[in-house]
>>> print(open('data-v4.txt').read())   # compact mmCIF, C-alpha atoms and all ligand atoms
# COMPACT_ATOMS: atom_id res chain seq x y z
CA MET A 1 -6.27 -2.91 -24.24
CA PRO A 2 -6.71 -1.56 -20.81
CA ALA A 3 -4.75 -0.33 -17.89
CA ILE A 4 -6.29 -1.51 -14.63
CA THR A 5 -5.56 0.14 -11.33
CA LEU A 6 -5.71 -1.52 -7.95
CA VAL A 7 -5.94 0.62 -4.83
CA GLY A 8 -6.30 0.00 -1.12
CA ALA A 9 -9.68 1.34 0.01
CA GLN A 10 -8.77 1.77 3.69
CA TRP A 11 -5.47 2.39 5.53
CA GLY A 12 -3.41 -0.21 3.69
CA ASP A 13 -2.93 -3.90 4.51
CA GLU A 14 -6.24 -4.78 2.85
CA GLY A 15 -4.78 -7.85 1.17
CA LYS A 16 -3.66 -6.27 -2.09
CA GLY A 17 -0.99 -8.93 -2.63
CA LYS A 18 -3.64 -11.62 -2.89
CA ALA A 19 -5.68 -9.62 -5.37
CA THR A 20 -2.66 -8.78 -7.49
CA ASP A 21 -1.65 -12.39 -7.46
CA LEU A 22 -5.11 -13.45 -8.62
CA VAL A 23 -5.12 -11.20 -11.66
CA GLY A 24 -1.34 -11.15 -12.03
CA ASN A 25 -1.36 -14.24 -14.23
CA ARG A 26 -3.84 -12.70 -16.63
CA VAL A 27 -2.03 -9.44 -17.29
CA ASP A 28 1.18 -8.60 -19.09
CA TYR A 29 2.69 -5.95 -16.82
CA VAL A 30 2.41 -5.39 -13.07
CA VAL A 31 3.52 -1.90 -12.10
CA ARG A 32 4.24 -0.28 -8.77
CA TYR A 33 3.64 3.45 -9.09
CA GLN A 34 4.23 4.93 -5.61
CA GLY A 35 5.64 4.25 -2.17
CA GLY A 36 8.70 2.18 -1.47
CA ASN A 37 9.72 -0.52 0.95
CA ASN A 38 7.21 0.81 3.48
CA ALA A 39 4.77 -1.56 1.80
CA GLY A 40 4.38 -5.22 2.60
CA HIS A 41 2.58 -7.64 0.35
CA THR A 42 2.16 -11.24 1.39
CA VAL A 43 1.59 -13.68 -1.45
CA VAL A 44 0.89 -17.32 -0.72
CA ILE A 45 1.49 -19.77 -3.58
CA GLY A 46 0.93 -23.41 -2.65
CA ASP A 47 2.91 -23.96 0.53
CA GLN A 48 5.24 -21.06 -0.24
CA LYS A 49 4.78 -17.67 1.39
CA TYR A 50 6.46 -14.60 -0.06
CA ALA A 51 6.68 -11.25 1.70
CA LEU A 52 7.42 -8.51 -0.80
CA HIS A 53 8.20 -4.95 0.21
CA LEU A 54 9.48 -3.16 -2.84
CA LEU A 55 9.07 -5.50 -5.78
CA PRO A 56 5.76 -5.70 -7.63
CA SER A 57 3.84 -8.92 -6.92
CA GLY A 58 4.13 -9.72 -10.64
CA ILE A 59 7.71 -10.79 -10.05
CA LEU A 60 6.30 -14.19 -8.99
CA SER A 61 4.44 -14.80 -12.25
CA PRO A 62 6.83 -16.02 -14.97
CA ASP A 63 4.91 -14.46 -17.88
CA VAL A 64 4.50 -11.03 -16.37
CA VAL A 65 6.85 -8.06 -16.65
CA PRO A 66 7.19 -6.44 -13.23
CA VAL A 67 7.85 -2.70 -13.30
CA ILE A 68 9.03 -0.25 -10.65
CA ALA A 69 7.85 3.02 -12.17
CA ASN A 70 8.94 6.61 -11.73
CA GLY A 71 6.66 7.36 -8.77
CA VAL A 72 8.32 4.80 -6.50
CA VAL A 73 11.15 5.61 -4.10
CA ILE A 74 13.83 2.92 -4.12
CA ASP A 75 16.20 1.89 -1.40
CA PRO A 76 18.77 0.11 -3.59
CA ALA A 77 20.16 -2.06 -0.79
CA VAL A 78 16.64 -3.33 -0.10
CA LEU A 79 15.94 -3.85 -3.81
CA PHE A 80 18.97 -6.06 -4.32
CA GLU A 81 18.43 -7.95 -1.08
CA GLU A 82 14.84 -8.70 -2.07
CA LEU A 83 15.95 -9.79 -5.54
CA ARG A 84 18.64 -12.03 -4.06
CA GLY A 85 16.15 -13.60 -1.67
CA LEU A 86 13.82 -14.51 -4.55
CA GLN A 87 16.65 -15.74 -6.77
CA GLU A 88 17.75 -18.07 -3.98
CA ARG A 89 14.24 -19.53 -3.98
CA GLY A 90 14.40 -20.12 -7.71
CA VAL A 91 12.36 -17.12 -8.86
CA ASN A 92 13.52 -15.65 -12.16
CA THR A 93 13.88 -11.89 -11.62
CA GLU A 94 15.44 -10.93 -14.95
CA ARG A 95 12.25 -9.42 -16.35
CA LEU A 96 12.16 -6.60 -13.82
CA LEU A 97 12.16 -3.05 -15.21
CA VAL A 98 13.11 -0.03 -13.11
CA SER A 99 12.40 3.56 -14.13
CA ALA A 100 15.43 5.79 -14.64
CA ASN A 101 13.37 8.58 -13.07
CA ALA A 102 12.54 6.84 -9.80
CA HIS A 103 14.07 8.53 -6.77
CA LEU A 104 16.52 6.81 -4.46
CA ILE A 105 16.22 6.59 -0.72
CA MET A 106 19.54 7.77 0.71
CA PRO A 107 21.07 7.00 4.12
CA TYR A 108 20.30 10.55 5.28
CA HIS A 109 16.62 10.04 4.46
CA ARG A 110 16.46 7.02 6.72
CA ALA A 111 18.36 8.86 9.46
CA LEU A 112 16.06 11.88 9.26
CA ASP A 113 12.90 9.77 9.21
CA LYS A 114 13.86 8.01 12.43
CA VAL A 115 15.17 11.01 14.29
CA SER A 116 12.33 13.36 13.39
CA GLU A 117 9.79 10.78 14.55
CA ARG A 118 11.61 10.50 17.85
CA PHE A 119 11.54 14.26 18.29
CA LEU A 120 7.82 14.41 17.55
CA GLY A 121 7.22 12.35 20.70
CA LYS A 122 3.51 11.85 21.25
CA GLY A 123 2.77 13.69 18.00
CA LYS A 124 4.64 11.11 15.93
CA ILE A 125 3.17 9.77 12.70
CA GLY A 126 4.32 6.23 13.36
CA THR A 127 6.20 5.94 10.07
CA THR A 128 7.89 2.74 9.01
CA GLY A 129 11.25 4.46 9.46
CA ARG A 130 12.32 3.55 5.93
CA GLY A 131 13.05 7.13 4.85
CA ILE A 132 9.97 7.44 2.66
CA GLY A 133 8.81 10.92 3.77
CA PRO A 134 12.25 12.62 3.58
CA THR A 135 12.87 11.09 0.11
CA TYR A 136 9.59 12.43 -1.28
CA ALA A 137 10.29 15.77 0.45
CA ASP A 138 13.59 16.02 -1.43
CA LYS A 139 11.86 15.00 -4.66
CA ILE A 140 9.35 17.83 -4.32
CA SER A 141 11.99 20.35 -3.28
CA ARG A 142 14.05 19.30 -6.33
CA ALA A 143 16.96 17.98 -4.29
CA GLY A 144 16.40 14.28 -4.90
CA VAL A 145 18.77 11.67 -6.31
CA ARG A 146 17.34 9.54 -9.10
CA VAL A 147 18.23 6.10 -10.43
CA GLN A 148 19.79 7.68 -13.54
CA ASP A 149 22.14 9.79 -11.39
CA THR A 150 24.09 6.67 -10.42
CA PHE A 151 25.20 6.50 -14.10
CA ASP A 152 26.79 9.94 -13.92
CA PRO A 153 29.46 10.02 -11.19
CA LYS A 154 29.89 13.81 -11.43
CA ILE A 155 26.20 14.53 -10.96
CA LEU A 156 25.86 11.95 -8.23
CA ARG A 157 28.76 13.47 -6.27
CA LYS A 158 27.39 16.97 -6.66
CA LYS A 159 23.91 16.00 -5.53
CA ILE A 160 25.08 14.06 -2.49
CA GLU A 161 27.52 16.79 -1.42
CA LEU A 162 24.83 19.44 -1.80
CA ALA A 163 22.31 17.38 0.11
CA LEU A 164 24.70 16.73 2.96
CA ASN A 165 25.50 20.45 3.26
CA ASP A 166 22.22 21.03 4.99
CA LYS A 167 21.27 17.48 6.08
CA ASN A 168 24.41 17.17 8.20
CA GLN A 169 23.73 20.55 9.78
CA ILE A 170 20.24 19.36 10.69
CA LEU A 171 21.40 15.98 11.95
CA THR A 172 24.18 17.42 14.11
CA LYS A 173 22.85 20.81 15.21
CA VAL A 174 19.11 20.18 15.46
CA PHE A 175 18.99 16.50 16.37
CA ASN A 176 22.37 16.15 18.04
CA ARG A 177 23.30 13.14 15.88
CA ARG A 178 26.47 12.32 14.02
CA GLY A 179 26.80 13.70 10.47
CA LEU A 180 27.12 11.30 7.52
CA ASP A 181 30.21 10.86 5.36
CA ALA A 182 29.72 12.00 1.76
CA GLU A 183 32.53 9.83 0.33
CA GLN A 184 31.09 6.68 1.84
CA ILE A 185 27.64 7.37 0.41
CA ILE A 186 29.03 8.31 -3.02
CA GLU A 187 31.01 5.08 -3.13
CA GLU A 188 28.04 2.97 -2.07
CA TYR A 189 25.65 4.53 -4.60
CA LEU A 190 28.16 4.48 -7.47
CA GLY A 191 28.43 0.79 -6.74
CA TYR A 192 24.73 0.38 -7.50
CA ALA A 193 25.12 1.67 -11.08
CA ASP A 194 26.23 -1.63 -12.58
CA LEU A 195 23.74 -3.59 -10.55
CA LEU A 196 20.88 -1.35 -11.64
CA ARG A 197 21.85 -1.03 -15.30
CA PRO A 198 20.34 -4.31 -16.59
CA TYR A 199 16.95 -3.38 -15.16
CA VAL A 200 16.74 0.33 -15.97
CA ALA A 201 14.37 1.44 -18.73
CA ASP A 202 12.16 4.29 -19.91
CA THR A 203 9.23 2.60 -18.23
CA SER A 204 6.66 5.19 -19.33
CA LEU A 205 7.58 4.50 -22.95
CA VAL A 206 7.55 0.74 -22.43
CA LEU A 207 4.12 0.82 -20.78
CA ASN A 208 2.55 3.08 -23.38
CA GLN A 209 3.92 0.95 -26.22
CA ALA A 210 2.59 -2.13 -24.47
CA LEU A 211 -0.87 -0.55 -24.23
CA ASP A 212 -0.71 0.40 -27.91
CA GLU A 213 0.04 -3.23 -28.71
CA GLY A 214 -3.04 -4.38 -26.84
CA LYS A 215 -1.28 -5.62 -23.72
CA THR A 216 -2.82 -5.34 -20.26
CA VAL A 217 -1.08 -3.18 -17.68
CA PHE A 218 -1.91 -3.66 -14.04
CA LEU A 219 -1.08 -0.71 -11.78
CA GLU A 220 -0.58 -1.96 -8.27
CA GLY A 221 -1.08 0.62 -5.52
CA SER A 222 0.57 0.31 -2.15
CA GLN A 223 -0.69 1.60 1.21
CA GLY A 224 -4.27 2.86 0.88
CA THR A 225 -6.69 5.68 0.13
CA LEU A 226 -6.75 7.03 3.68
CA LEU A 227 -2.93 7.17 3.71
CA ASP A 228 -2.84 9.30 0.55
CA ILE A 229 -0.97 12.59 0.93
CA ASP A 230 -3.94 14.55 -0.48
CA HIS A 231 -6.96 12.42 0.35
CA GLY A 232 -5.87 10.65 3.51
CA THR A 233 -6.05 11.55 7.18
CA TYR A 234 -3.30 14.18 6.88
CA PRO A 235 -0.79 14.47 8.53
CA PHE A 236 -1.12 10.80 9.52
CA VAL A 237 -0.49 9.63 5.99
CA THR A 238 2.32 8.44 3.79
CA SER A 239 4.10 10.89 1.50
CA SER A 240 2.87 9.64 -1.87
CA SER A 241 -0.39 9.28 -3.82
CA PRO A 242 -1.73 5.72 -3.56
CA THR A 243 -5.09 6.82 -5.00
CA SER A 244 -5.85 6.05 -8.63
CA GLY A 245 -4.93 9.53 -9.86
CA GLY A 246 -1.44 8.89 -8.53
CA ALA A 247 -1.18 5.85 -10.76
CA CYS A 248 -1.09 8.00 -13.89
CA ALA A 249 1.58 10.39 -12.65
CA GLY A 250 3.51 7.59 -10.98
CA ALA A 251 3.64 5.39 -14.07
CA GLY A 252 3.65 7.95 -16.86
CA ILE A 253 0.42 6.91 -18.55
CA GLY A 254 -2.64 9.02 -19.28
CA PRO A 255 -5.93 8.73 -17.35
CA THR A 256 -7.79 7.79 -20.55
CA ARG A 257 -5.87 4.49 -20.55
CA ILE A 258 -7.44 3.31 -17.30
CA THR A 259 -10.61 1.31 -17.78
CA LYS A 260 -11.08 -0.23 -14.38
CA VAL A 261 -10.24 0.71 -10.79
CA ILE A 262 -10.34 -2.14 -8.30
CA GLY A 263 -10.62 -1.17 -4.64
CA ILE A 264 -9.40 -3.66 -2.08
CA LEU A 265 -11.65 -3.59 0.94
CA LYS A 266 -11.07 -5.74 4.00
CA ALA A 267 -14.22 -7.10 5.67
CA TYR A 268 -13.12 -5.17 8.78
CA THR A 269 -10.66 -2.29 9.20
CA THR A 270 -7.04 -2.04 10.31
CA ARG A 271 -4.54 0.75 10.63
CA VAL A 272 -0.84 0.90 11.49
CA GLY A 273 0.68 4.02 13.02
CA SER A 274 -1.06 7.05 14.48
CA GLY A 275 -4.15 8.96 13.40
CA PRO A 276 -7.94 8.89 13.62
CA PHE A 277 -9.76 5.56 13.27
CA PRO A 278 -13.40 5.87 14.34
CA THR A 279 -14.28 2.15 14.43
CA GLU A 280 -11.14 1.10 16.30
CA LEU A 281 -11.77 -1.51 19.00
CA LEU A 282 -9.53 -1.14 22.02
CA ASP A 283 -11.13 -4.05 23.86
CA GLU A 284 -11.03 -7.84 23.59
CA GLN A 285 -13.04 -7.69 20.35
CA GLY A 286 -10.16 -5.80 18.72
CA GLU A 287 -7.73 -8.40 20.01
CA TRP A 288 -10.02 -11.14 18.66
CA LEU A 289 -9.95 -9.55 15.18
CA ARG A 290 -6.17 -9.16 15.38
CA GLN A 291 -5.69 -12.80 16.22
CA GLN A 292 -8.29 -14.19 13.81
CA GLY A 293 -6.97 -12.02 11.00
CA GLY A 294 -3.26 -12.33 11.84
CA GLU A 295 -3.04 -8.56 11.88
CA TYR A 296 0.66 -8.08 12.46
CA GLY A 297 2.61 -5.91 10.00
CA VAL A 298 4.56 -7.59 7.18
CA THR A 299 7.07 -4.73 7.06
CA THR A 300 7.49 -3.63 10.66
CA GLY A 301 5.94 -6.50 12.64
CA ARG A 302 3.86 -3.94 14.54
CA ASN A 303 0.43 -4.95 15.87
CA ARG A 304 -2.21 -3.48 13.60
CA ARG A 305 -5.03 -1.49 15.18
CA CYS A 306 -8.31 -3.30 14.43
CA GLY A 307 -11.97 -2.29 14.13
CA TRP A 308 -15.23 -2.95 12.32
CA VAL A 309 -15.81 -2.10 8.70
CA ASP A 310 -16.59 1.54 8.00
CA ALA A 311 -19.05 2.08 5.13
CA PRO A 312 -18.60 5.87 4.72
CA LEU A 313 -14.87 5.23 4.43
CA ALA A 314 -15.44 2.71 1.65
CA ARG A 315 -17.80 5.14 -0.07
CA TYR A 316 -15.15 7.84 0.20
CA ALA A 317 -12.65 5.48 -1.44
CA THR A 318 -15.12 4.87 -4.27
CA ARG A 319 -15.44 8.60 -4.75
CA VAL A 320 -11.78 9.69 -4.75
CA ASN A 321 -10.56 6.73 -6.79
CA GLY A 322 -13.49 6.16 -9.13
CA ILE A 323 -13.63 2.55 -7.97
CA THR A 324 -15.52 0.34 -10.42
CA ASP A 325 -15.12 -2.98 -8.56
CA PHE A 326 -14.35 -4.04 -5.03
CA PHE A 327 -12.38 -7.07 -3.95
CA LEU A 328 -13.64 -7.85 -0.45
CA THR A 329 -10.87 -9.62 1.46
CA LYS A 330 -10.67 -11.68 4.65
CA MET A 331 -14.38 -12.40 4.79
CA ASP A 332 -13.58 -15.74 6.52
CA VAL A 333 -12.18 -13.87 9.53
CA LEU A 334 -15.70 -12.76 10.50
CA SER A 335 -17.05 -16.33 10.79
CA GLY A 336 -18.28 -17.14 14.29
CA LEU A 337 -19.64 -13.71 15.20
CA GLU A 338 -23.25 -13.63 16.39
CA ARG A 339 -23.77 -10.19 14.87
CA ILE A 340 -21.53 -7.96 12.84
CA PRO A 341 -21.48 -4.21 13.39
CA VAL A 342 -21.13 -2.04 10.27
CA CYS A 343 -20.39 1.66 10.72
CA VAL A 344 -22.98 3.56 8.67
CA GLY A 345 -22.22 7.11 9.78
CA TYR A 346 -20.63 9.14 12.57
CA ASP A 347 -21.61 11.12 15.57
CA VAL A 348 -19.48 14.25 15.69
CA ASP A 349 -20.03 16.19 18.90
CA GLY A 350 -23.73 15.31 18.88
CA GLU A 351 -24.25 15.83 15.15
CA ARG A 352 -24.92 12.96 12.71
CA TRP A 353 -22.66 12.71 9.66
CA ASP A 354 -23.25 10.27 6.81
CA GLU A 355 -19.95 11.00 5.06
CA ILE A 356 -16.40 11.52 6.30
CA PRO A 357 -16.31 14.94 7.98
CA MET A 358 -14.58 17.64 5.99
CA THR A 359 -12.04 18.62 8.67
CA GLN A 360 -9.55 16.50 10.54
CA THR A 361 -10.71 18.02 13.82
CA ASP A 362 -14.21 16.68 13.22
CA PHE A 363 -12.89 13.33 12.06
CA HIS A 364 -10.86 13.03 15.26
CA HIS A 365 -14.10 13.56 17.20
CA ALA A 366 -16.13 11.12 15.11
CA THR A 367 -17.61 8.13 16.90
CA PRO A 368 -19.21 5.39 14.81
CA VAL A 369 -22.95 4.88 14.37
CA TYR A 370 -23.47 1.15 13.86
CA GLU A 371 -26.06 -1.04 12.23
CA TYR A 372 -25.92 -4.70 13.20
CA PHE A 373 -26.10 -7.63 10.81
CA ASP A 374 -26.64 -11.27 11.66
CA GLY A 375 -23.41 -13.29 11.55
CA TRP A 376 -22.71 -16.89 10.52
CA ASN A 377 -20.99 -19.78 12.22
CA GLU A 378 -19.97 -21.86 9.23
CA ASP A 379 -16.33 -22.08 8.17
CA ILE A 380 -16.40 -20.44 4.74
CA SER A 381 -12.73 -20.96 3.83
CA HIS A 382 -13.57 -23.84 1.47
CA VAL A 383 -16.47 -22.04 -0.24
CA ARG A 384 -15.82 -21.26 -3.91
CA SER A 385 -19.01 -19.58 -5.12
CA PHE A 386 -21.23 -16.80 -3.84
CA GLU A 387 -24.25 -19.12 -3.72
CA GLU A 388 -22.43 -21.47 -1.34
CA LEU A 389 -21.94 -18.71 1.22
CA PRO A 390 -24.30 -18.76 4.22
CA LYS A 391 -27.32 -16.52 3.62
CA ASN A 392 -26.18 -14.03 6.28
CA ALA A 393 -22.75 -13.76 4.67
CA GLN A 394 -24.42 -13.08 1.33
CA ALA A 395 -26.54 -10.38 2.95
CA TYR A 396 -23.42 -8.83 4.52
CA VAL A 397 -21.77 -8.64 1.09
CA ARG A 398 -24.85 -7.14 -0.56
CA THR A 399 -25.20 -4.55 2.19
CA LEU A 400 -21.57 -3.50 1.94
CA GLU A 401 -21.83 -3.30 -1.81
CA GLU A 402 -24.77 -0.95 -1.59
CA MET A 403 -23.18 1.23 1.08
CA ALA A 404 -19.77 1.36 -0.60
CA GLY A 405 -21.21 2.45 -3.93
CA ALA A 406 -19.55 -0.08 -6.23
CA GLN A 407 -20.08 -3.74 -7.06
CA ILE A 408 -18.15 -6.39 -5.12
CA SER A 409 -16.59 -8.53 -7.83
CA ALA A 410 -14.40 -10.82 -5.76
CA ILE A 411 -14.37 -12.15 -2.20
CA GLY A 412 -11.39 -13.57 -0.33
CA VAL A 413 -12.13 -16.45 2.05
CA GLY A 414 -8.56 -17.37 3.01
CA PRO A 415 -4.94 -16.54 2.25
CA GLY A 416 -4.41 -19.18 -0.46
CA ARG A 417 -4.36 -18.48 -4.17
CA ASP A 418 -7.50 -20.56 -4.72
CA GLN A 419 -9.46 -19.17 -1.76
CA THR A 420 -11.26 -16.53 -3.78
CA LEU A 421 -14.78 -16.24 -5.14
CA GLU A 422 -14.72 -14.31 -8.37
CA LEU A 423 -18.23 -13.02 -8.95
CA ARG A 424 -17.24 -11.48 -12.27
CA SER A 425 -13.93 -11.33 -14.05
CA LEU A 426 -11.59 -8.71 -12.66
CA VAL A 427 -9.57 -8.41 -15.85
P1 LIG A 501 5.70 6.07 5.96
O1 LIG A 501 5.03 5.63 4.72
O2 LIG A 501 6.79 5.15 6.43
O3 LIG A 501 6.17 7.50 5.91
O4 LIG A 501 4.61 6.03 7.14
C1 LIG A 501 3.50 6.93 7.17
C2 LIG A 501 2.24 6.24 7.68
O5 LIG A 501 1.81 5.29 6.71
C3 LIG A 501 2.43 5.44 8.97
O6 LIG A 501 1.25 5.54 9.73
C4 LIG A 501 2.64 4.03 8.50
O7 LIG A 501 2.29 3.07 9.48
C5 LIG A 501 1.70 4.00 7.31
N1 LIG A 501 2.06 3.01 6.30
C6 LIG A 501 3.07 3.09 5.41
N2 LIG A 501 3.08 2.00 4.64
C7 LIG A 501 2.07 1.23 5.02
C8 LIG A 501 1.53 -0.02 4.56
O8 LIG A 501 2.00 -0.65 3.60
N3 LIG A 501 0.45 -0.49 5.23
C9 LIG A 501 -0.13 0.16 6.24
N4 LIG A 501 0.32 1.33 6.71
C10 LIG A 501 1.41 1.87 6.09
>>> encode(input="data-v4.txt", output="structure tokens", more="lines below")
Ligand code: IMP
Amino acid sequence: MPAITLVGAQWGDEGKGKATDLVGNRVDYVVRYQGGNNAGHTVVIGDQKYALHLLPSGILSPDVVPVIANGVVIDPAVLFEELRGLQERGVNTERLLVSANAHLIMPYHRALDKVSERFLGKGKIGTTGRGIGPTYADKISRAGVRVQDTFDPKILRKKIELALNDKNQILTKVFNRRGLDAEQIIEEYLGYADLLRPYVADTSLVLNQALDEGKTVFLEGSQGTLLDIDHGTYPFVTSSSPTSGGACAGAGIGPTRITKVIGILKAYTTRVGSGPFPTELLDEQGEWLRQQGGEYGVTTGRNRRCGWVDAPLARYATRVNGITDFFLTKMDVLSGLERIPVCVGYDVDGERWDEIPMTQTDFHHATPVYEYFDGWNEDISHVRSFEELPKNAQAYVRTLEEMAGAQISAIGVGPGRDQTLELRSLV
């Protein structure tokens, strides 16, 4: 049976939590494969709203095994706080599995994330300040601390002391901050060993065995395609690989296992943090989208930048992820517009581009070329089938589908679990 990957097709915040929740009940495993508590998934079940940052959405479905795989970076304090919060609301969290190979976010990673952003001034990336970038940097430079290291006090001590040798020099001498105390960090992280132990597993082995047994594994990406370290708007990206290729490395399963890649595409575009965003609206229309769509960050509470949908961007996401199906989210937000602009290409210094320009310099100069589609006034939040949608809404979906290069298989018309039109089965 298959592994299915879900990826954000824009700059994150496309509504992945809703999509995961929809299919979450029909799969056996829900796996996070990259990122950390920089993510923010909102899941609405009945009158209950859950904001998850680190845990896979599958934690809310009693028959699903939620997995934090090797590609994720874990802030243990956040993990246990999130677990406690759910336990207090009656959610059973015992099924969670955590990879022994996942890297840990350390206090010096958080400190360096914040201070380096401050020093970048106007050139800042606008990170979430959770220590994500510095943790992945240590992973790549082979100086990271992994979940399994908490089980070996000697190794843990050695790694933390070694890390602080240079991190404290940087904090004090470059950034003029106070150094961190090794003993305090060692004590805190040794304390996590017993808390982590019941959850820790060889998650790659577990997932591959599950696939061999015919189970369905759902790989839940965080952030989005344009925030990918390789394929995003570098350097205004996150430090991991949210794209579908990253799912294999981040979960320890082979690409031949993946049979479907679902791209989550919001009916308009948002972005948090710095970086190019050709269709961004800096006027009252942008504010209208922000208010209609409730575009305020789940993780940081920051206002999201808002703009119209960008078809070349969606097409790019199809290309780099091999998207087979789109889930179009927040379609209801567009109700009430007389006409809806869709970006179909860019003007770059007087030259027309149909695809995302190859260089960042050109992308920074790109202004959108729009085509306009007739809008609809009807409230579509109660609609449950494609045929019930107003004709103009149907045409909007069909146009996007054609431009994005993959079929739209589901449409979100509200935040609730039942406010989804499933045109064909996603699982
Ligand atoms: P970092 O992931 O905290 O290093 O932040 C790097 C960039 O990714 C910043 O522009 C963040 O705003 C953005 N980012 C990180 N996580 C998310 C997310 O879940 N949704 C949207 N943007 C995100």
>>> closest_residue(input="data-v4.txt", among="A:Val43, A:Leu55, A:Ala77, A:Val237", to="ligand LIG 501 (chain A)", atoms="all atoms listed in the file")
A:Val237
>>> residues_near_ligand(input="data-v4.txt", ligand="ligand LIG 501 (chain A)", cutoff="7 Å", atoms="only C-alpha atoms and all ligand atoms", output="list in words")
Trp11, Gly12, Asp13, Asn38, Ala39, Gly40, Ile125, Gly126, Thr127, Thr128, Gly129, Arg130, Gly131, Ile132, Gly133, Ser222, Gln223, Leu227, Phe236, Val237, Thr238, Ser239, Arg271, Val272, Gly273 and Ser274 of chain A
>>> atom_distance(input="data-v4.txt", atom1="atom CA of Pro276 of chain A", atom2="atom CA of Ala366 of chain A")
8.6 Å
>>> residues_around(input="data-v4.txt", residues="Ser204 of chain A", least_positions_apart="5", cutoff="8 Å", atoms="all atoms listed in the file", output="list in words")
Ala69, Ser99, Ala251, Gly252 and Ile253 of chain A
>>> write_last_selection(input="data-v4.txt", atoms="C-alpha atoms", output="short mmCIF file (atom, residue, chain, number, x, y, z; two decimals), in the coordinates of the input")
data_model
loop_
_atom_site.label_atom_id
_atom_site.label_comp_id
_atom_site.auth_asym_id
_atom_site.auth_seq_id
_atom_site.Cartn_x
_atom_site.Cartn_y
_atom_site.Cartn_z
CA ALA A 69 7.85 3.02 -12.17
CA SER A 99 12.40 3.56 -14.13
CA ALA A 251 3.64 5.39 -14.07
CA GLY A 252 3.65 7.95 -16.86
CA ILE A 253 0.42 6.91 -18.55
#
>>> residues_near_point(input="data-v4.txt", point="(-15.7, -8.1, 21.9)", cutoff="12 Å", atoms="only C-alpha atoms", output="PDB file with C-alpha atoms, in the frame of the given file")
ATOM      1  CA  GLU A 280     -11.140   1.100  16.300  1.00  0.00           C
ATOM      2  CA  LEU A 281     -11.770  -1.510  19.000  1.00  0.00           C
ATOM      3  CA  LEU A 282      -9.530  -1.140  22.020  1.00  0.00           C
ATOM      4  CA  ASP A 283     -11.130  -4.050  23.860  1.00  0.00           C
ATOM      5  CA  GLU A 284     -11.030  -7.840  23.590  1.00  0.00           C
ATOM      6  CA  GLN A 285     -13.040  -7.690  20.350  1.00  0.00           C
ATOM      7  CA  GLY A 286     -10.160  -5.800  18.720  1.00  0.00           C
ATOM      8  CA  GLU A 287      -7.730  -8.400  20.010  1.00  0.00           C
ATOM      9  CA  TRP A 288     -10.020 -11.140  18.660  1.00  0.00           C
ATOM     10  CA  LEU A 289      -9.950  -9.550  15.180  1.00  0.00           C
ATOM     11  CA  ARG A 290      -6.170  -9.160  15.380  1.00  0.00           C
ATOM     12  CA  CYS A 306      -8.310  -3.300  14.430  1.00  0.00           C
ATOM     13  CA  GLY A 307     -11.970  -2.290  14.130  1.00  0.00           C
ATOM     14  CA  TRP A 308     -15.230  -2.950  12.320  1.00  0.00           C
ATOM     15  CA  LEU A 337     -19.640 -13.710  15.200  1.00  0.00           C
ATOM     16  CA  GLU A 338     -23.250 -13.630  16.390  1.00  0.00           C
ATOM     17  CA  ARG A 339     -23.770 -10.190  14.870  1.00  0.00           C
ATOM     18  CA  ILE A 340     -21.530  -7.960  12.840  1.00  0.00           C
ATOM     19  CA  PRO A 341     -21.480  -4.210  13.390  1.00  0.00           C
TER      20      PRO A 341
END
>>> closest_residue(input="data-v4.txt", among="A:Ala317, A:Arg352, A:Asp379, A:Val309", to="Leu400 of chain A", atoms="all atoms listed in the file")
A:Val309
>>> axis_aligned_box(input="data-v4.txt", around="segment 212-218 of chain A", padding_each_side="8 Å", output="lines of an AutoDock Vina configuration file")
center_x = -1.5
center_y = -2.6
center_z = -21.4
size_x = 19.1
size_y = 22.0
size_z = 30.7
>>> closest_residue(input="data-v4.txt", among="A:Phe175, A:Glu14, A:Ile411, A:Gln87", to="Glu117 of chain A", atoms="only C-alpha atoms")
A:Phe175
>>> closest_residue(input="data-v4.txt", among="A:Val44, A:Ala249, A:Arg302, A:Val320", to="Asp230 of chain A", atoms="all atoms listed in the file")
A:Val320
>>> decode(input="data-v4.txt", residues="segment 14-27 of chain A", atoms="C-alpha atoms", output="PDB file, in the first residue's frame")
ATOM      1  CA  GLU A  14      -2.071  26.925   2.875  1.00  0.00           C
ATOM      2  CA  GLY A  15      -4.356  25.027   5.226  1.00  0.00           C
ATOM      3  CA  LYS A  16      -2.428  21.762   5.418  1.00  0.00           C
ATOM      4  CA  GLY A  17      -3.897  20.927   8.828  1.00  0.00           C
ATOM      5  CA  LYS A  18      -7.377  20.743   7.349  1.00  0.00           C
ATOM      6  CA  ALA A  19      -6.249  18.494   4.523  1.00  0.00           C
ATOM      7  CA  THR A  20      -4.324  16.206   6.839  1.00  0.00           C
ATOM      8  CA  ASP A  21      -7.295  16.017   9.114  1.00  0.00           C
ATOM      9  CA  LEU A  22      -9.553  15.054   6.211  1.00  0.00           C
ATOM     10  CA  VAL A  23      -7.431  12.120   5.128  1.00  0.00           C
ATOM     11  CA  GLY A  24      -5.975  11.492   8.582  1.00  0.00           C
ATOM     12  CA  ASN A  25      -8.819   9.177   9.524  1.00  0.00           C
ATOM     13  CA  ARG A  26      -8.283   7.014   6.467  1.00  0.00           C
ATOM     14  CA  VAL A  27      -4.575   6.364   6.893  1.00  0.00           C
TER      15      VAL A  27
END
